[in-house]
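**Q** Below is the file data-v4.txt, which contains compact mmCIF, C-alpha atoms.
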```txt
# COMPACT_ATOMS: atom_id res chain seq x y z
CA MET A 1 53.99 33.31 44.48
CA ALA A 2 53.03 30.50 42.11
CA ALA A 3 49.59 29.01 42.54
CA ALA A 4 49.33 25.56 44.15
CA PRO A 5 48.75 22.73 41.66
CA THR A 6 45.25 21.39 41.29
CA SER A 7 44.36 17.76 41.97
CA HIS A 8 44.15 17.15 38.22
CA GLN A 9 47.65 18.56 37.74
CA LEU A 10 49.01 16.31 40.48
CA ALA A 11 47.40 13.28 38.89
CA ALA A 12 48.99 14.28 35.60
CA GLY A 13 52.47 14.33 37.16
CA ALA A 14 52.99 17.74 38.78
CA PRO A 15 55.84 17.64 41.37
CA TRP A 16 54.85 17.09 45.01
CA SER A 17 57.31 19.78 46.07
CA SER A 18 55.02 22.40 44.55
CA LEU A 19 52.25 21.52 47.00
CA PRO A 20 52.06 24.04 49.90
CA ARG A 21 52.31 22.74 53.47
CA GLY A 22 48.95 21.64 54.82
CA GLY A 23 47.35 21.74 51.39
CA PHE A 24 47.25 17.99 50.72
CA ARG A 25 44.17 17.18 52.82
CA ALA A 26 42.09 20.03 51.41
CA LEU A 27 43.19 19.17 47.90
CA THR A 28 42.27 15.48 48.08
CA ASP A 29 39.03 16.06 50.01
CA SER A 30 37.69 18.24 47.22
CA ALA A 31 38.90 16.04 44.37
CA PRO A 32 36.81 13.41 42.55
CA ALA A 33 37.18 9.83 43.78
CA SER A 34 39.20 8.77 40.75
CA VAL A 35 41.72 11.54 41.32
CA ARG A 36 42.02 10.79 45.03
CA PHE A 37 42.89 7.19 44.24
CA SER A 38 45.56 8.24 41.78
CA VAL A 39 47.11 10.69 44.23
CA GLY A 40 47.06 8.12 47.02
CA ARG A 41 48.96 5.58 44.95
CA ARG A 42 51.69 8.07 44.10
CA ARG A 43 52.13 8.94 47.76
CA ALA A 44 52.24 5.29 48.89
CA ALA A 45 55.04 4.51 46.45
CA ARG A 46 57.32 6.92 48.31
CA LEU A 47 56.68 5.11 51.62
CA GLU A 48 57.59 1.61 50.45
CA VAL A 49 58.83 -0.59 53.31
CA LYS A 50 62.24 -2.18 52.85
CA ALA A 51 62.72 -5.92 53.28
CA ALA A 52 63.59 -7.35 56.67
CA GLY A 53 67.28 -7.69 57.51
CA ASN A 54 68.86 -11.13 57.73
CA ILE A 55 72.40 -10.25 58.85
CA PHE A 56 73.30 -10.09 62.53
CA GLY A 57 76.47 -9.01 64.32
CA ASP A 58 79.45 -6.76 63.69
CA TYR A 59 82.80 -8.55 63.86
CA PHE A 60 81.17 -11.99 63.94
CA GLN A 61 78.39 -11.76 61.36
CA VAL A 62 75.67 -14.27 60.61
CA ALA A 63 73.39 -14.21 57.57
CA THR A 64 70.51 -16.69 57.75
CA TYR A 65 68.59 -17.88 54.71
CA GLY A 66 65.91 -20.31 53.55
CA GLU A 67 62.20 -20.94 54.04
CA SER A 68 60.20 -23.51 55.96
CA HIS A 69 59.18 -25.52 52.89
CA GLY A 70 61.96 -24.57 50.50
CA GLY A 71 64.99 -26.64 49.62
CA GLY A 72 66.71 -25.97 52.91
CA VAL A 73 67.76 -23.46 55.55
CA GLY A 74 71.10 -22.40 56.92
CA CYS A 75 73.54 -19.58 57.43
CA VAL A 76 76.74 -17.94 56.23
CA ILE A 77 79.16 -16.99 59.02
CA SER A 78 81.72 -14.23 58.47
CA GLY A 79 84.42 -13.19 60.91
CA CYS A 80 85.36 -16.60 62.28
CA PRO A 81 89.10 -16.72 63.02
CA PRO A 82 91.27 -19.18 61.08
CA ARG A 83 92.71 -22.38 62.57
CA ILE A 84 89.66 -23.16 64.72
CA PRO A 85 88.89 -26.91 64.74
CA LEU A 86 85.39 -27.21 63.28
CA THR A 87 83.30 -30.03 61.85
CA GLU A 88 79.60 -30.72 61.43
CA GLU A 89 79.60 -32.56 64.76
CA ASP A 90 80.34 -29.30 66.58
CA MET A 91 76.97 -27.94 65.42
CA GLN A 92 74.92 -31.11 65.23
CA GLY A 93 74.52 -31.47 68.99
CA ASP A 94 72.77 -28.11 69.32
CA LEU A 95 70.77 -28.71 66.14
CA ASP A 96 69.57 -32.04 67.53
CA ARG A 97 68.30 -30.29 70.65
CA ARG A 98 66.44 -27.78 68.48
CA ARG A 99 65.03 -30.43 66.13
CA PRO A 100 61.19 -30.59 65.91
CA GLY A 101 58.99 -33.55 66.75
CA GLN A 102 60.61 -34.36 70.10
CA SER A 103 57.68 -33.53 72.38
CA ARG A 104 53.92 -33.12 72.26
CA ILE A 105 54.16 -29.32 72.57
CA THR A 106 56.21 -28.86 69.39
CA THR A 107 55.42 -29.36 65.72
CA PRO A 108 55.07 -33.03 64.71
CA ARG A 109 57.12 -32.38 61.59
CA LYS A 110 59.90 -34.94 61.22
CA GLU A 111 63.24 -33.49 60.15
CA THR A 112 66.71 -34.90 60.69
CA ASP A 113 68.21 -31.39 60.59
CA THR A 114 71.54 -32.83 59.47
CA CYS A 115 73.95 -30.00 58.73
CA LYS A 116 76.62 -29.79 56.06
CA ILE A 117 79.54 -27.35 55.93
CA LEU A 118 79.93 -26.25 52.32
CA SER A 119 82.77 -23.74 52.68
CA GLY A 120 85.12 -22.06 55.12
CA THR A 121 86.96 -25.12 56.43
CA TYR A 122 89.78 -27.35 55.24
CA GLU A 123 90.62 -30.68 56.82
CA GLY A 124 88.57 -29.85 59.89
CA MET A 125 90.00 -26.36 60.45
CA THR A 126 88.50 -22.97 59.70
CA THR A 127 90.28 -20.95 57.04
CA GLY A 128 89.08 -17.49 58.10
CA THR A 129 86.74 -17.26 55.11
CA PRO A 130 82.91 -17.33 55.19
CA ILE A 131 81.50 -20.58 56.56
CA HIS A 132 78.44 -21.80 54.69
CA VAL A 133 76.21 -24.20 56.64
CA LEU A 134 73.27 -25.92 54.93
CA VAL A 135 70.47 -27.96 56.52
CA PRO A 136 68.24 -29.51 53.82
CA ASN A 137 64.49 -29.71 54.38
CA THR A 138 63.42 -33.35 54.05
CA ASP A 139 59.81 -33.29 55.27
CA GLN A 140 58.25 -30.49 53.22
CA ARG A 141 54.49 -30.72 52.92
CA GLY A 142 53.57 -27.56 51.08
CA GLY A 143 50.21 -29.00 50.06
CA ASP A 144 49.11 -28.97 53.70
CA TYR A 145 48.80 -25.19 53.51
CA THR A 146 46.47 -24.87 50.51
CA GLU A 147 43.65 -23.44 52.61
CA MET A 148 45.99 -20.83 54.05
CA ALA A 149 46.00 -19.08 50.68
CA LYS A 150 42.41 -18.07 51.40
CA ALA A 151 42.70 -17.16 55.09
CA TYR A 152 45.42 -16.12 57.52
CA ARG A 153 46.50 -18.57 60.19
CA PRO A 154 45.68 -17.44 63.73
CA SER A 155 48.66 -16.75 66.00
CA HIS A 156 51.10 -16.73 63.07
CA ALA A 157 52.92 -13.98 61.22
CA ASP A 158 51.03 -14.41 57.95
CA LEU A 159 48.80 -11.36 58.40
CA THR A 160 51.44 -8.98 59.77
CA TYR A 161 53.97 -10.04 57.12
CA ASP A 162 51.43 -9.46 54.35
CA LEU A 163 50.39 -6.09 55.74
CA LYS A 164 53.99 -4.93 56.05
CA TYR A 165 55.51 -6.25 52.81
CA GLY A 166 52.50 -6.91 50.59
CA VAL A 167 53.48 -10.54 50.06
CA ARG A 168 53.65 -13.70 52.14
CA SER A 169 54.70 -17.32 51.89
CA VAL A 170 51.60 -19.45 52.35
CA GLN A 171 53.59 -22.64 52.90
CA GLY A 172 54.54 -22.75 56.55
CA GLY A 173 55.09 -19.03 56.94
CA GLY A 174 58.29 -18.94 54.89
CA ARG A 175 60.89 -16.86 56.72
CA SER A 176 58.51 -16.43 59.65
CA SER A 177 58.79 -20.13 60.44
CA ALA A 178 60.74 -21.33 63.46
CA ARG A 179 63.01 -23.20 61.03
CA GLU A 180 64.72 -19.87 60.41
CA THR A 181 66.36 -20.34 63.81
CA ILE A 182 68.39 -23.28 62.48
CA GLY A 183 70.94 -20.88 61.02
CA ARG A 184 71.18 -19.04 64.33
CA VAL A 185 71.68 -22.26 66.27
CA ALA A 186 74.43 -23.44 63.93
CA ALA A 187 76.20 -20.08 64.11
CA GLY A 188 75.78 -20.02 67.88
CA ALA A 189 77.53 -23.37 68.14
CA VAL A 190 80.50 -21.94 66.24
CA ALA A 191 80.53 -18.84 68.45
CA LYS A 192 80.45 -20.99 71.58
CA LYS A 193 83.45 -22.96 70.39
CA ILE A 194 85.42 -19.79 69.68
CA LEU A 195 84.62 -18.41 73.13
CA LYS A 196 85.65 -21.64 74.82
CA LEU A 197 88.93 -22.00 72.92
CA LYS A 198 89.99 -18.35 72.96
CA CYS A 199 88.49 -17.06 76.22
CA GLY A 200 87.76 -20.10 78.35
CA VAL A 201 84.07 -19.16 78.40
CA GLU A 202 81.48 -21.93 78.41
CA ILE A 203 77.76 -21.28 77.92
CA LEU A 204 75.06 -23.46 79.48
CA ALA A 205 71.33 -22.83 79.72
CA PHE A 206 68.50 -24.46 81.62
CA VAL A 207 65.00 -23.72 82.88
CA SER A 208 65.21 -22.10 86.31
CA LYS A 209 61.60 -20.96 86.78
CA VAL A 210 58.17 -21.91 85.51
CA HIS A 211 55.50 -19.51 86.77
CA GLN A 212 55.80 -19.77 90.57
CA VAL A 213 57.93 -22.91 90.60
CA VAL A 214 61.51 -21.76 91.18
CA LEU A 215 64.65 -23.88 91.05
CA PRO A 216 66.86 -23.07 94.09
CA GLU A 217 70.23 -21.66 93.09
CA ASP A 218 72.11 -24.16 95.24
CA ALA A 219 70.38 -27.07 93.46
CA VAL A 220 72.50 -26.63 90.34
CA ASP A 221 76.06 -27.93 90.21
CA TYR A 222 77.49 -25.95 87.31
CA GLU A 223 80.67 -28.02 87.26
CA ALA A 224 78.74 -31.26 86.81
CA LEU A 225 75.96 -29.91 84.59
CA THR A 226 75.81 -31.73 81.26
CA LEU A 227 74.04 -31.06 77.98
CA ASP A 228 71.57 -33.82 78.85
CA GLN A 229 70.40 -31.74 81.81
CA VAL A 230 70.23 -28.24 80.40
CA ARG A 231 66.60 -28.42 79.26
CA GLY A 232 65.43 -28.58 82.83
CA CYS A 233 67.16 -29.54 86.04
CA HIS A 234 65.36 -31.25 88.92
CA PRO A 235 62.51 -30.80 89.89
CA PHE A 236 61.28 -29.90 86.38
CA ASP A 237 62.38 -33.08 84.58
```
Step by step, read the file and then write its structure as structure tokens.

**A**
Amino acid sequence: MAAAPTSHQLAAGAPWSSLPRGGFRALTDSAPASVRFSVGRRRAARLEVKAAGNIFGDYFQVATYGESHGGGVGCVISGCPPRIPLTEEDMQGDLDRRRPGQSRITTPRKETDTCKILSGTYEGMTTGTPIHVLVPNTDQRGGDYTEMAKAYRPSHADLTYDLKYGVRSVQGGGRSSARETIGRVAAGAVAKKILKLKCGVEILAFVSKVHQVVLPEDAVDYEALTLDQVRGCHPFD
């Protein structure tokens, strides 16, 4: 049986497959500090974490893109059937509800969140090809985050993102910002329209419980419920 490689041989490029099972700890513990560091770096390279996925769905697929303080955010929708009536107005209503700066508990950032369909439709009808939706960022203030380059923001994803991927976007959290949800909201509006036209399914949402305050089921008239009411029906409004 061939002898196990020494720590110096490993540092010089000996194959890891030649190391016997259970021999790594003993080998590195007895090696000089400089050799341990070299061996550790070689091992870490094999465990590199892949980037986060940005594509959701199977038949109806959504790929979101963009950063909080980049040029814009949006999505590319694949799998939408052809001949579905679709314009920016079909998405804008939901995007307006998501828009920041509308209450004291959300970010004060002022964005119009006006969407633009760049592909996938012709004369107000879907063509069955990928639908590209763009929402430009108009209130970027990247300079507000200068201090964040020196310290991680509490209660944000800066630290975990950096620990996982070895890089982070200091300006507003980049992909970890809530603005990433714009692409999901726009795609959701398209999905809702398909479900309503093809299946007769309509989706509404509202707050039904806050801690111990519960909205009685018979207090909601689903037939008369409008988009103006979905954030919270009486008695929460």

**Q** Tell me, in Å to one decimal, how far CA of Ser176 in chain A is from CA of Glu147 in chain A.

**A** 17.9 Å

**Q** CA of Leu163 in chain A and CA of Phe56 in chain A are how many Å apart?

**A** 24.2 Å

**Q** Could you tell me which of A:Asp139, A:Glu180, A:Glu89, A:Glu223 comes closest to Asn54 in chain A if we count all atoms listed in the file?

**A**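 Under the stated criterion, the closest residue is A:Glu180.
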
**Q** Which is closest to Gly72 in chain A among A:Ile182, A:Met125, A:Leu95, A:Val220, if we use only C-alpha atoms?

**A**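 Nearest to Gly72 in chain A: A:Ile182.
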
**Q** Using only C-alpha atoms, which of A:Thr129, A:Thr146, A:Thr121, A:Ser208 sits nearest Gln61 in chain A?

**A**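 So, comparing all the options, the nearest one is A:Thr129.
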
**Q** Extract, using only C-alpha atoms, all DNA, RNA and protein residues at most 8 Å from Arg179 in chain A, discarding same-chain residues fewer than 3 positions from it, and format them as a PyMOL selection string.

**A** chain A and resi 67-68+73+175+182

**Q** For range 190-205 of chain A, I'd like the enclosing box, axis-aligned and padded by 6 Å on every side, reported as JSON with centre and edge lengths in Å to one decimal.

**A**
```
{"center_x": 80.7, "center_y": -20.3, "center_z": 73.0, "size_x": 30.7, "size_y": 18.4, "size_z": 25.5}
```

**Q** Would you please work out which residue, of A:Gly71, A:Gly166, A:Ser78, A:Arg83, is nearest to Leu197 in chain A when using only C-alpha atoms?

**A** A:Arg83

**Q** Pick out the residues sitting within 6 Å of range 189-191 of chain A, and hand them over as a list of chain:residue names; count all atoms listed in the file, and ignore anything fewer than 3 positions along from it in its own chain.

**A**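 The residues satisfying every condition are A:Met91, A:Ala186, A:Ile194.
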
**Q** Can I get the selected residues back with C-alpha atoms, as a PDB file, keeping the file's coordinate frame?

**A**
```pdb
ATOM      1  CA  MET A  91      76.970 -27.940  65.420  1.00  0.00           C
ATOM      2  CA  ALA A 186      74.430 -23.440  63.930  1.00  0.00           C
ATOM      3  CA  ILE A 194      85.420 -19.790  69.680  1.00  0.00           C
TER       4      ILE A 194
END
```

**Q** Using Å and a single decimal, report how far CA of Gly124 in chain A sits from CA of Thr181 in chain A.

**A**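 A separation of 24.5 Å between them.
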
**Q** Please determine, counting only C-alpha atoms, which residue among A:Pro136, A:Gly173, A:Pro130, A:Pro154 has the shortest atom-to-atom distance to Ile77 in chain A.

**A** A:Pro130

**Q** Please list as a list in words every residue within 9 Å of His156 in chain A, counting all atoms listed in the file and excluding residues in the same chain fewer than 3 positions away.

**A** Tyr152, Arg153, Leu159, Thr160, Gly173, Ser176 and Ser177 of chain A

**Q** Between A:Pro85, A:Arg99, A:Glu217, A:Val62, which has the minimum distance to Glu111 in chain A (counting all atoms listed in the file)?

**A** A:Arg99

**Q** Neighbourhood query: residues within 9 Å of (73.5, -23.9, 58.6), file coordinates, counting only C-alpha atoms; return as a list in words.

**A**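 Checked against the point, the hits come out as Thr64, Tyr65, Val73, Gly74, Cys75, Val76, Ile77, Met91, Cys115, Lys116, Ile117, Ile131, His132, Val133, Leu134, Val135, Ile182, Gly183, Arg184, Val185, Ala186 and Ala187 of chain A.
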
**Q** Neighbouring residues of Gly128 in chain A were defined as those with any atom within 8 Å, considering only C-alpha atoms; residues of the same chain fewer than 6 positions away were excluded. Please report them as a list in words.

**A** Gly79, Cys80, Pro81, Pro82, Arg83 and Gly120 of chain A
